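Have a look at coords28.txt; it's compact mmCIF, C-alpha atoms and all ligand atoms:
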# COMPACT_ATOMS: atom_id res chain seq x y z
CA MET A 1 12.88 12.08 -7.27
CA LYS A 2 11.10 14.20 -4.67
CA ALA A 3 9.43 12.16 -1.95
CA ALA A 4 5.67 12.44 -1.55
CA ILE A 5 6.00 10.96 1.92
CA ALA A 6 9.07 10.74 4.11
CA ILE A 7 8.71 9.03 7.47
CA ALA A 8 11.65 9.06 9.85
CA ASP A 9 11.66 6.84 12.90
CA ALA A 10 7.97 7.43 13.61
CA THR A 11 6.00 5.65 16.32
CA LEU A 12 2.22 5.86 16.03
CA VAL A 13 0.19 5.23 19.15
CA GLN A 14 -3.54 4.51 19.35
CA GLY A 15 -5.34 3.91 22.63
CA GLY A 16 -2.05 3.79 24.55
CA ARG A 17 -0.57 1.08 22.32
CA ALA A 18 2.16 1.53 19.70
CA VAL A 19 0.47 0.43 16.48
CA LEU A 20 3.57 1.17 14.41
CA SER A 21 7.00 1.43 16.03
CA ASN A 22 10.00 3.37 14.75
CA ILE A 23 9.11 3.09 11.11
CA SER A 24 11.11 4.87 8.42
CA LEU A 25 10.27 4.94 4.74
CA GLU A 26 10.05 7.12 1.64
CA ILE A 27 7.41 7.06 -1.06
CA GLY A 28 8.14 8.70 -4.42
CA SER A 29 5.90 11.38 -5.91
CA ASP A 30 4.71 9.10 -8.73
CA GLU A 31 4.42 5.74 -7.03
CA PHE A 32 1.41 3.48 -6.64
CA ILE A 33 1.83 1.76 -3.29
CA GLY A 34 -0.32 -1.12 -2.09
CA VAL A 35 -0.64 -0.99 1.70
CA LEU A 36 -1.22 -4.48 3.03
CA GLY A 37 -1.62 -5.97 6.45
CA ALA A 38 -4.08 -7.90 8.58
CA ASN A 39 -6.94 -6.24 10.48
CA GLY A 40 -5.58 -3.77 12.95
CA ALA A 41 -2.10 -3.71 11.41
CA GLY A 42 -2.23 0.08 11.24
CA LYS A 43 -3.17 0.94 7.67
CA THR A 44 -5.76 3.55 8.67
CA THR A 45 -3.55 4.77 11.50
CA LEU A 46 -0.74 5.44 9.05
CA MET A 47 -3.05 7.40 6.75
CA ARG A 48 -4.36 9.46 9.65
CA ALA A 49 -0.80 10.34 10.60
CA ILE A 50 0.02 11.42 7.04
CA LEU A 51 -3.12 13.59 7.11
CA GLY A 52 -1.87 15.25 10.27
CA LEU A 53 -4.79 13.85 12.29
CA LEU A 54 -2.54 11.76 14.53
CA ARG A 55 0.70 13.17 15.80
CA PRO A 56 3.58 10.66 15.95
CA ALA A 57 4.72 9.89 19.50
CA THR A 58 8.29 9.92 18.20
CA GLY A 59 9.94 10.77 14.90
CA HIS A 60 8.43 12.85 12.16
CA ILE A 61 6.54 12.68 8.90
CA GLU A 62 6.90 14.98 5.91
CA VAL A 63 4.63 15.31 2.90
CA PHE A 64 6.29 16.80 -0.20
CA GLY A 65 9.12 18.09 1.94
CA HIS A 66 6.99 19.79 4.62
CA PRO A 67 5.87 18.62 8.05
CA VAL A 68 2.39 17.11 8.02
CA ARG A 69 -0.49 19.46 8.63
CA ARG A 70 -4.22 19.06 8.77
CA GLY A 71 -6.12 20.07 5.68
CA ASN A 72 -3.13 19.77 3.37
CA PRO A 73 -4.55 20.51 -0.11
CA LEU A 74 -1.86 18.32 -1.65
CA ILE A 75 -3.59 15.23 -0.21
CA GLY A 76 -6.86 13.65 -1.31
CA TYR A 77 -8.32 11.15 1.15
CA MET A 78 -10.91 8.47 0.65
CA PRO A 79 -11.86 6.99 4.01
CA GLN A 80 -13.21 3.47 4.33
CA MET A 81 -16.73 3.25 2.90
CA ARG A 82 -19.21 4.59 5.42
CA ALA A 83 -22.82 3.68 5.80
CA GLN A 84 -24.84 5.50 3.25
CA VAL A 85 -26.43 8.54 4.82
CA ALA A 86 -28.51 10.17 2.13
CA PRO A 87 -29.61 7.65 -0.50
CA ARG A 88 -31.78 10.13 -2.40
CA LEU A 89 -28.92 12.54 -2.94
CA SER A 90 -27.42 12.49 -6.41
CA GLY A 91 -23.72 11.85 -6.93
CA THR A 92 -23.24 15.38 -8.22
CA THR A 93 -24.80 16.85 -5.08
CA MET A 94 -22.64 14.65 -2.90
CA VAL A 95 -19.42 15.67 -4.65
CA MET A 96 -20.49 19.33 -4.70
CA ALA A 97 -21.21 19.17 -0.96
CA ALA A 98 -17.71 17.84 -0.38
CA LEU A 99 -16.30 20.79 -2.30
CA ASP A 100 -18.42 23.31 -0.45
CA GLY A 101 -18.11 21.80 2.95
CA HIS A 102 -15.22 20.49 4.93
CA ARG A 103 -12.72 20.38 2.13
CA TRP A 104 -9.85 22.58 3.15
CA GLY A 105 -12.13 25.59 3.33
CA MET A 106 -11.97 25.83 -0.44
CA GLN A 107 -14.20 28.71 -1.50
CA LEU A 108 -14.84 28.70 -5.20
CA PRO A 109 -17.34 30.81 -7.10
CA SER A 110 -20.19 28.61 -8.26
CA ALA A 111 -19.11 28.44 -11.91
CA ALA A 112 -15.61 27.36 -10.92
CA ALA A 113 -17.04 24.91 -8.39
CA GLY A 114 -19.25 23.40 -11.09
CA ARG A 115 -16.26 23.02 -13.39
CA GLU A 116 -14.23 21.35 -10.67
CA VAL A 117 -17.05 18.91 -9.91
CA ASP A 118 -17.42 18.16 -13.65
CA ARG A 119 -13.66 17.65 -13.91
CA VAL A 120 -13.43 15.06 -11.12
CA LEU A 121 -16.60 13.26 -12.26
CA GLY A 122 -15.08 13.04 -15.74
CA LEU A 123 -11.83 11.66 -14.36
CA VAL A 124 -13.65 8.74 -12.73
CA GLN A 125 -15.99 8.29 -15.72
CA ALA A 126 -19.03 9.09 -13.61
CA THR A 127 -20.43 12.08 -15.48
CA SER A 128 -23.69 10.40 -16.44
CA LEU A 129 -24.22 8.26 -13.37
CA ALA A 130 -23.68 11.22 -11.03
CA ALA A 131 -27.15 12.54 -11.84
CA ARG A 132 -28.80 9.46 -10.33
CA PRO A 133 -29.72 8.99 -6.67
CA LEU A 134 -26.98 7.23 -4.69
CA ALA A 135 -29.44 4.51 -3.67
CA GLU A 136 -29.65 3.33 -7.29
CA LEU A 137 -25.91 2.96 -7.73
CA SER A 138 -23.85 -0.17 -7.29
CA GLY A 139 -21.07 -0.34 -4.72
CA GLY A 140 -18.48 0.12 -7.46
CA GLU A 141 -20.25 3.18 -8.85
CA ARG A 142 -20.50 4.78 -5.41
CA GLN A 143 -16.85 4.01 -4.90
CA ARG A 144 -16.04 5.96 -8.06
CA LEU A 145 -17.93 8.97 -6.71
CA LEU A 146 -15.97 8.81 -3.47
CA LEU A 147 -12.83 8.68 -5.57
CA ALA A 148 -14.05 11.78 -7.41
CA GLN A 149 -14.39 13.55 -4.05
CA ALA A 150 -10.82 12.64 -3.17
CA LEU A 151 -9.63 14.18 -6.46
CA LEU A 152 -11.14 17.60 -5.74
CA GLY A 153 -8.57 20.36 -5.69
CA GLU A 154 -5.97 18.45 -7.73
CA PRO A 155 -4.13 16.65 -4.93
CA ARG A 156 -0.66 15.24 -5.62
CA LEU A 157 -1.08 12.36 -3.18
CA LEU A 158 -4.12 10.12 -2.80
CA LEU A 159 -4.74 8.10 0.35
CA LEU A 160 -7.34 5.44 -0.44
CA ASP A 161 -8.42 3.39 2.55
CA GLU A 162 -9.70 -0.03 1.47
CA PRO A 163 -11.49 1.02 -1.73
CA LEU A 164 -12.10 -2.64 -2.61
CA ILE A 165 -14.01 -3.53 0.51
CA SER A 166 -17.32 -5.26 -0.25
CA LEU A 167 -16.81 -5.21 -4.03
CA ASP A 168 -16.91 -8.40 -6.07
CA PRO A 169 -13.72 -9.42 -7.91
CA SER A 170 -14.59 -7.93 -11.30
CA ARG A 171 -15.57 -4.60 -9.75
CA GLN A 172 -12.37 -4.72 -7.72
CA SER A 173 -10.35 -5.06 -10.92
CA GLU A 174 -12.17 -2.08 -12.44
CA VAL A 175 -11.46 0.13 -9.43
CA VAL A 176 -7.78 -0.88 -9.38
CA ALA A 177 -7.45 -0.26 -13.15
CA LEU A 178 -9.13 3.14 -12.84
CA VAL A 179 -6.92 4.26 -9.96
CA ARG A 180 -3.78 3.03 -11.72
CA SER A 181 -4.73 4.85 -14.89
CA LEU A 182 -5.49 8.09 -13.00
CA GLN A 183 -2.29 7.77 -11.01
CA ARG A 184 -0.26 7.49 -14.22
CA THR A 185 -2.13 10.14 -16.19
CA LEU A 186 -2.02 12.68 -13.38
CA GLY A 187 1.49 11.69 -12.28
CA ILE A 188 0.55 11.47 -8.63
CA ALA A 189 1.39 9.25 -5.67
CA VAL A 190 -1.18 6.78 -4.34
CA LEU A 191 -1.38 4.79 -1.14
CA PHE A 192 -4.03 2.12 -1.68
CA SER A 193 -4.80 -0.07 1.31
CA ALA A 194 -6.28 -3.52 0.92
CA HIS A 195 -6.73 -6.79 2.73
CA GLU A 196 -5.70 -8.78 -0.26
CA LEU A 197 -2.70 -8.34 -2.49
CA ASN A 198 -3.94 -10.25 -5.53
CA PRO A 199 -6.31 -7.62 -6.97
CA LEU A 200 -3.45 -5.11 -6.87
CA LEU A 201 -0.84 -7.31 -8.53
CA GLY A 202 0.17 -5.83 -11.84
CA ALA A 203 -0.97 -2.33 -10.84
CA LEU A 204 1.28 -1.48 -7.94
CA ASP A 205 4.83 -0.19 -8.08
CA ARG A 206 5.73 -1.27 -4.56
CA VAL A 207 4.04 -2.83 -1.59
CA LEU A 208 4.06 -1.59 2.00
CA TYR A 209 3.34 -4.48 4.32
CA LEU A 210 2.45 -3.73 7.93
CA GLY A 211 2.58 -6.26 10.72
CA ARG A 212 3.42 -6.45 14.42
CA GLY A 213 4.24 -2.77 14.52
CA HIS A 214 6.77 -3.03 11.69
CA ALA A 215 6.70 -1.99 8.06
CA ALA A 216 8.31 -3.66 5.03
CA LEU A 217 8.46 -1.60 1.82
CA GLY A 218 9.69 -2.92 -1.51
CA SER A 219 8.72 -4.68 -4.70
CA VAL A 220 6.33 -7.62 -4.46
CA ASP A 221 9.25 -9.94 -5.13
CA GLU A 222 11.23 -8.39 -2.29
CA VAL A 223 8.51 -8.15 0.34
CA ILE A 224 6.10 -11.01 -0.33
CA THR A 225 8.55 -13.77 0.42
CA SER A 226 8.57 -16.42 3.09
CA SER A 227 11.61 -14.95 4.80
CA SER A 228 10.44 -11.33 4.70
CA LEU A 229 6.91 -12.07 5.95
CA SER A 230 8.13 -14.55 8.56
CA ARG A 231 10.40 -11.83 9.90
CA LEU A 232 7.58 -9.31 9.86
CA TYR A 233 5.09 -11.57 11.61
CA GLY A 234 7.55 -13.35 13.85
CA ALA A 235 6.02 -16.65 12.78
CA ALA A 236 6.68 -19.24 10.08
CA ILE A 237 5.03 -18.00 6.89
CA GLU A 238 5.21 -19.61 3.51
CA VAL A 239 4.44 -17.80 0.27
CA VAL A 240 2.97 -19.79 -2.59
CA ARG A 241 2.53 -18.54 -6.15
CA LEU A 242 -0.18 -20.20 -8.17
CA ASP A 243 -1.60 -19.18 -11.55
CA GLY A 244 -0.39 -15.62 -11.24
CA ARG A 245 -1.82 -15.26 -7.75
CA ILE A 246 0.05 -15.16 -4.48
CA PHE A 247 -1.06 -17.00 -1.37
CA VAL A 248 0.29 -16.82 2.12
CA MET A 249 0.47 -19.95 4.22
CA SER A 250 0.76 -19.54 7.93
CA ASP A 251 2.09 -22.17 10.25
CA ALA A 252 0.08 -25.01 11.70
CA HIS A 253 -0.87 -22.95 14.76
CA ASP A 254 -3.30 -21.04 12.60
CA MET A 255 -5.65 -23.98 12.54
CA GLU A 256 -8.77 -22.00 13.44
CA ARG A 257 -8.87 -20.28 10.07
CA ASP A 258 -7.37 -23.18 8.18
CA ALA A 259 -10.11 -25.50 9.43
CA HIS A 260 -12.46 -23.94 6.87
CA GLY A 261 -10.37 -24.95 3.88
CA PRO A 262 -9.06 -28.16 2.40
CA CYS A 263 -5.46 -27.24 3.10
CA HIS A 264 -3.48 -24.69 5.01
CA VAL A 265 -3.45 -22.17 2.23
CA HIS A 266 -5.25 -18.93 2.32
CA SER A 267 -4.89 -15.77 0.40
CA HIS A 268 -4.04 -12.37 1.77
CA ASP A 269 -7.48 -11.48 2.94
CA HIS A 270 -6.86 -14.06 5.64
CA ALA A 271 -3.27 -13.03 6.11
CA PRO A 272 -1.59 -14.56 9.10
CA ALA A 273 -3.28 -13.36 12.22
CA ARG A 274 -0.59 -14.44 14.64
CA SER A 275 0.88 -11.01 14.85
CA ALA A 276 0.46 -10.42 18.57
N1 LIG A 301 -9.24 5.87 18.17
C1 LIG A 301 -8.64 4.74 18.58
N2 LIG A 301 -8.49 4.48 19.89
C2 LIG A 301 -7.90 3.36 20.33
N3 LIG A 301 -7.40 2.42 19.51
C3 LIG A 301 -7.53 2.61 18.20
C4 LIG A 301 -8.15 3.78 17.66
N4 LIG A 301 -8.12 3.69 16.33
C5 LIG A 301 -7.52 2.53 16.03
N5 LIG A 301 -7.15 1.89 17.15
C6 LIG A 301 -6.44 0.60 17.22
O1 LIG A 301 -5.24 0.73 16.49
C7 LIG A 301 -4.95 -0.47 15.77
C8 LIG A 301 -4.77 -0.17 14.31
O2 LIG A 301 -6.00 0.21 13.73
P1 LIG A 301 -6.14 0.60 12.21
O3 LIG A 301 -7.55 1.03 12.01
O4 LIG A 301 -5.07 1.52 11.82
O5 LIG A 301 -5.88 -0.80 11.50
P2 LIG A 301 -6.11 -1.19 9.98
O6 LIG A 301 -4.85 -1.83 9.53
O7 LIG A 301 -6.59 -0.03 9.21
O8 LIG A 301 -7.24 -2.29 10.16
P3 LIG A 301 -8.49 -2.69 9.25
O9 LIG A 301 -7.91 -3.48 8.13
O10 LIG A 301 -9.31 -3.52 10.17
O11 LIG A 301 -9.16 -1.42 8.82
C9 LIG A 301 -6.10 -1.41 16.07
O12 LIG A 301 -5.69 -2.29 17.10
C10 LIG A 301 -7.20 -0.50 16.54
O13 LIG A 301 -8.05 -1.17 17.43
Go ahead and render the structure in this file as structure tokens.
Amino acid sequence: MKAAIAIADATLVQGGRAVLSNISLEIGSDEFIGVLGANGAGKTTLMRAILGLLRPATGHIEVFGHPVRRGNPLIGYMPQMRAQVAPRLSGTTMVMAALDGHRWGMQLPSAAAGREVDRVLGLVQATSLAARPLAELSGGERQRLLLAQALLGEPRLLLLDEPLISLDPSRQSEVVALVRSLQRTLGIAVLFSAHELNPLLGALDRVLYLGRGHAALGSVDEVITSSSLSRLYGAAIEVVRLDGRIFVMSDAHDMERDAHGPCHVHSHDHAPARSA
């Protein structure tokens, strides 16, 4: 199996600090990977490095067997949801602008551009809603349009940075199901970052957990264990499975967060913060 991403001994530095240190991993060309980790763990930093926007301080990163480079047409990127800039714009106009504008300098004649926009809107089942102004759309619908943008140009690897942020649980499930179905149908690789593991359970092939500068990659059963996460965080972590969901319990020192709940259990969106 050809690797979509191969990272060898890479250290990624932001603001003079090593966010990820000496990480090595390989992601297959048809894998759905959930990228987990607390705030600041380095999920966005990793994606920026794969996009060639951040050069590793040490080591190297390859995408489909070639060194990373900016504007790689094999990669589709969906950044974290930004503030809405043009609420009156329709979805179609927004996606078309992405095709015309920054995107890898792709110059298509207008008929071909129209077909490509129709194709990606169809893939995310947004053909009819794309005619409406963005302001009228729900968060989940806008998220689908951003996903359509990321699919322009038939990328083989999708980097989706926190697509579930600010969506309610049922919308989260829809987005996860849509991405999983696209990933399988198109036979592509997906890195899908999230604060919480539970919405991704059942969809992901493997999980990449970032913490304290380290990375743990493997199946949920391999990575989301007390011993693996305790090692990653350098603190006592307990993993509890309940009704098909997985919760992470941090040690008693995490009282500040735990004070809000009836017991010292919290799910991944409050993953152990004692990573410093
Ligand atoms: N341009 C920058 N300059 C300095 N430090 C930065 C820069 N970008 C990110 N950082 C720092 O690097 C660390 C990792 O940030 P990153 O955005 O990758 O985390 P994340 O896992 O995506 O977090 P979140 O879940 O909050 O989005 C953080 O401590 C952040 O403050």
**Asked** Near region 22-34 of chain A, within 7 Å and counting all atoms listed in the file, which residues show up once chain neighbours fewer than 3 positions away are dropped, as a PyMOL selection string?
**Response** chain A and resi 1-11+187-193+200+204-208+214-215
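For the atom pair formed by CA of Leu145 (chain A) and CA of Glu162 (chain A), the distance is 14.7 Å, given to one decimal.
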**Message:** As a quick test: using all atoms listed in the file, which residues lie no more than 6 Å away from ligand LIG 301 (chain A)? Give them as JSON, numbers by chain.
**Reply:** {"A": [14, 15, 19, 38, 39, 40, 41, 42, 43, 44, 45]}
Selected residues written out, C-alpha atoms, as an mmCIF file, in the frame of the given file:
data_model
loop_
_atom_site.group_PDB
_atom_site.id
_atom_site.type_symbol
_atom_site.label_atom_id
_atom_site.label_comp_id
_atom_site.auth_asym_id
_atom_site.auth_seq_id
_atom_site.Cartn_x
_atom_site.Cartn_y
_atom_site.Cartn_z
ATOM 1 C CA GLN A 14 -3.540 4.510 19.350
ATOM 2 C CA GLY A 15 -5.340 3.910 22.630
ATOM 3 C CA VAL A 19 0.470 0.430 16.480
ATOM 4 C CA ALA A 38 -4.080 -7.900 8.580
ATOM 5 C CA ASN A 39 -6.940 -6.240 10.480
ATOM 6 C CA GLY A 40 -5.580 -3.770 12.950
ATOM 7 C CA ALA A 41 -2.100 -3.710 11.410
ATOM 8 C CA GLY A 42 -2.230 0.080 11.240
ATOM 9 C CA LYS A 43 -3.170 0.940 7.670
ATOM 10 C CA THR A 44 -5.760 3.550 8.670
ATOM 11 C CA THR A 45 -3.550 4.770 11.500
#
**Request:** Would you mind listing what lies within 9 Å of Ile224 (chain A) as a VMD selection string, with all atoms listed in the file counted and same-chain residues fewer than 3 positions away left out?
**Result:** chain A and resid 207 209 218 to 221 227 to 229 239 246 248
**Prompt:** So which residues touch Pro163 (chain A) within 9 Å, counting only C-alpha atoms, skipping near sequence neighbours fewer than 5 positions away, as JSON, numbers by chain?
**Reply:** {"A": [78, 79, 80, 81, 143, 147, 172, 175, 176, 192, 193, 194]}
**Request:** Give as a count of residues only the set of residues within 7 Å of the point (-31.0, 10.1, -9.2), where distances use the file's coordinates and all atoms listed in the file.
**Result:** 6
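Between CA of Ser128 (chain A) and CA of Leu89 (chain A) there is a distance of 14.6 Å.
Proximity of A:Gly91, A:Ala150, A:Pro67, A:Asn72 to Val179 (chain A), computed with only C-alpha atoms, is greatest for A:Ala150.
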**Asked** What separation in Å, quoted to one decimal, exists between CA of Ser110 (chain A) and CA of Ala148 (chain A)?
**Response** 17.9 Å
What would region 127-153 of chain A look like with N, CA and C atoms in place, written as an mmCIF file, keeping the file's coordinate frame?
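Generated output (selection.cif):
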data_model
loop_
_atom_site.group_PDB
_atom_site.id
_atom_site.type_symbol
_atom_site.label_atom_id
_atom_site.label_comp_id
_atom_site.auth_asym_id
_atom_site.auth_seq_id
_atom_site.Cartn_x
_atom_site.Cartn_y
_atom_site.Cartn_z
ATOM 1 N N THR A 127 -19.662 10.890 -15.113
ATOM 2 C CA THR A 127 -20.430 12.080 -15.480
ATOM 3 C C THR A 127 -21.918 11.763 -15.598
ATOM 4 N N SER A 128 -22.261 10.675 -16.262
ATOM 5 C CA SER A 128 -23.690 10.400 -16.440
ATOM 6 C C SER A 128 -24.308 9.770 -15.200
ATOM 7 N N LEU A 129 -23.588 8.902 -14.530
ATOM 8 C CA LEU A 129 -24.220 8.260 -13.370
ATOM 9 C C LEU A 129 -24.354 9.194 -12.169
ATOM 10 N N ALA A 130 -23.628 10.310 -12.187
ATOM 11 C CA ALA A 130 -23.680 11.220 -11.030
ATOM 12 C C ALA A 130 -25.025 11.910 -10.881
ATOM 13 N N ALA A 131 -25.834 11.888 -11.937
ATOM 14 C CA ALA A 131 -27.150 12.540 -11.840
ATOM 15 C C ALA A 131 -28.144 11.664 -11.086
ATOM 16 N N ARG A 132 -27.830 10.395 -10.935
ATOM 17 C CA ARG A 132 -28.800 9.460 -10.330
ATOM 18 C C ARG A 132 -28.687 9.446 -8.814
ATOM 19 N N PRO A 133 -29.781 9.075 -8.129
ATOM 20 C CA PRO A 133 -29.720 8.990 -6.670
ATOM 21 C C PRO A 133 -28.709 7.914 -6.245
ATOM 22 N N LEU A 134 -28.010 8.170 -5.165
ATOM 23 C CA LEU A 134 -26.980 7.230 -4.690
ATOM 24 C C LEU A 134 -27.554 5.842 -4.449
ATOM 25 N N ALA A 135 -28.826 5.805 -4.003
ATOM 26 C CA ALA A 135 -29.440 4.510 -3.670
ATOM 27 C C ALA A 135 -29.501 3.579 -4.874
ATOM 28 N N GLU A 136 -29.532 4.168 -6.084
ATOM 29 C CA GLU A 136 -29.650 3.330 -7.290
ATOM 30 C C GLU A 136 -28.308 2.805 -7.763
ATOM 31 N N LEU A 137 -27.234 3.292 -7.191
ATOM 32 C CA LEU A 137 -25.910 2.960 -7.730
ATOM 33 C C LEU A 137 -25.350 1.693 -7.088
ATOM 34 N N SER A 138 -24.525 1.010 -7.835
ATOM 35 C CA SER A 138 -23.850 -0.170 -7.290
ATOM 36 C C SER A 138 -22.717 0.288 -6.373
ATOM 37 N N GLY A 139 -22.188 -0.653 -5.613
ATOM 38 C CA GLY A 139 -21.070 -0.340 -4.720
ATOM 39 C C GLY A 139 -19.890 0.230 -5.489
ATOM 40 N N GLY A 140 -19.615 -0.342 -6.650
ATOM 41 C CA GLY A 140 -18.480 0.120 -7.460
ATOM 42 C C GLY A 140 -18.703 1.533 -7.969
ATOM 43 N N GLU A 141 -19.947 1.835 -8.354
ATOM 44 C CA GLU A 141 -20.250 3.180 -8.850
ATOM 45 C C GLU A 141 -20.138 4.212 -7.730
ATOM 46 N N ARG A 142 -20.640 3.854 -6.553
ATOM 47 C CA ARG A 142 -20.500 4.780 -5.410
ATOM 48 C C ARG A 142 -19.037 4.985 -5.068
ATOM 49 N N GLN A 143 -18.268 3.913 -5.188
ATOM 50 C CA GLN A 143 -16.850 4.010 -4.900
ATOM 51 C C GLN A 143 -16.172 5.008 -5.841
ATOM 52 N N ARG A 144 -16.610 5.016 -7.096
ATOM 53 C CA ARG A 144 -16.040 5.960 -8.060
ATOM 54 C C ARG A 144 -16.368 7.394 -7.678
ATOM 55 N N LEU A 145 -17.573 7.613 -7.140
ATOM 56 C CA LEU A 145 -17.930 8.970 -6.710
ATOM 57 C C LEU A 145 -17.089 9.414 -5.520
ATOM 58 N N LEU A 146 -16.825 8.471 -4.615
ATOM 59 C CA LEU A 146 -15.970 8.810 -3.470
ATOM 60 C C LEU A 146 -14.553 9.123 -3.952
ATOM 61 N N LEU A 147 -14.134 8.401 -4.983
ATOM 62 C CA LEU A 147 -12.830 8.680 -5.570
ATOM 63 C C LEU A 147 -12.822 10.080 -6.194
ATOM 64 N N ALA A 148 -13.933 10.435 -6.842
ATOM 65 C CA ALA A 148 -14.050 11.780 -7.410
ATOM 66 C C ALA A 148 -13.888 12.837 -6.317
ATOM 67 N N GLN A 149 -14.527 12.602 -5.169
ATOM 68 C CA GLN A 149 -14.390 13.550 -4.050
ATOM 69 C C GLN A 149 -12.923 13.720 -3.648
ATOM 70 N N ALA A 150 -12.225 12.583 -3.607
ATOM 71 C CA ALA A 150 -10.820 12.640 -3.170
ATOM 72 C C ALA A 150 -9.964 13.405 -4.167
ATOM 73 N N LEU A 151 -10.420 13.506 -5.415
ATOM 74 C CA LEU A 151 -9.630 14.180 -6.460
ATOM 75 C C LEU A 151 -9.899 15.675 -6.539
ATOM 76 N N LEU A 152 -10.845 16.155 -5.732
ATOM 77 C CA LEU A 152 -11.140 17.600 -5.740
ATOM 78 C C LEU A 152 -9.904 18.394 -5.354
ATOM 79 N N GLY A 153 -9.677 19.480 -6.051
ATOM 80 C CA GLY A 153 -8.570 20.360 -5.690
ATOM 81 C C GLY A 153 -7.216 19.892 -6.203
#
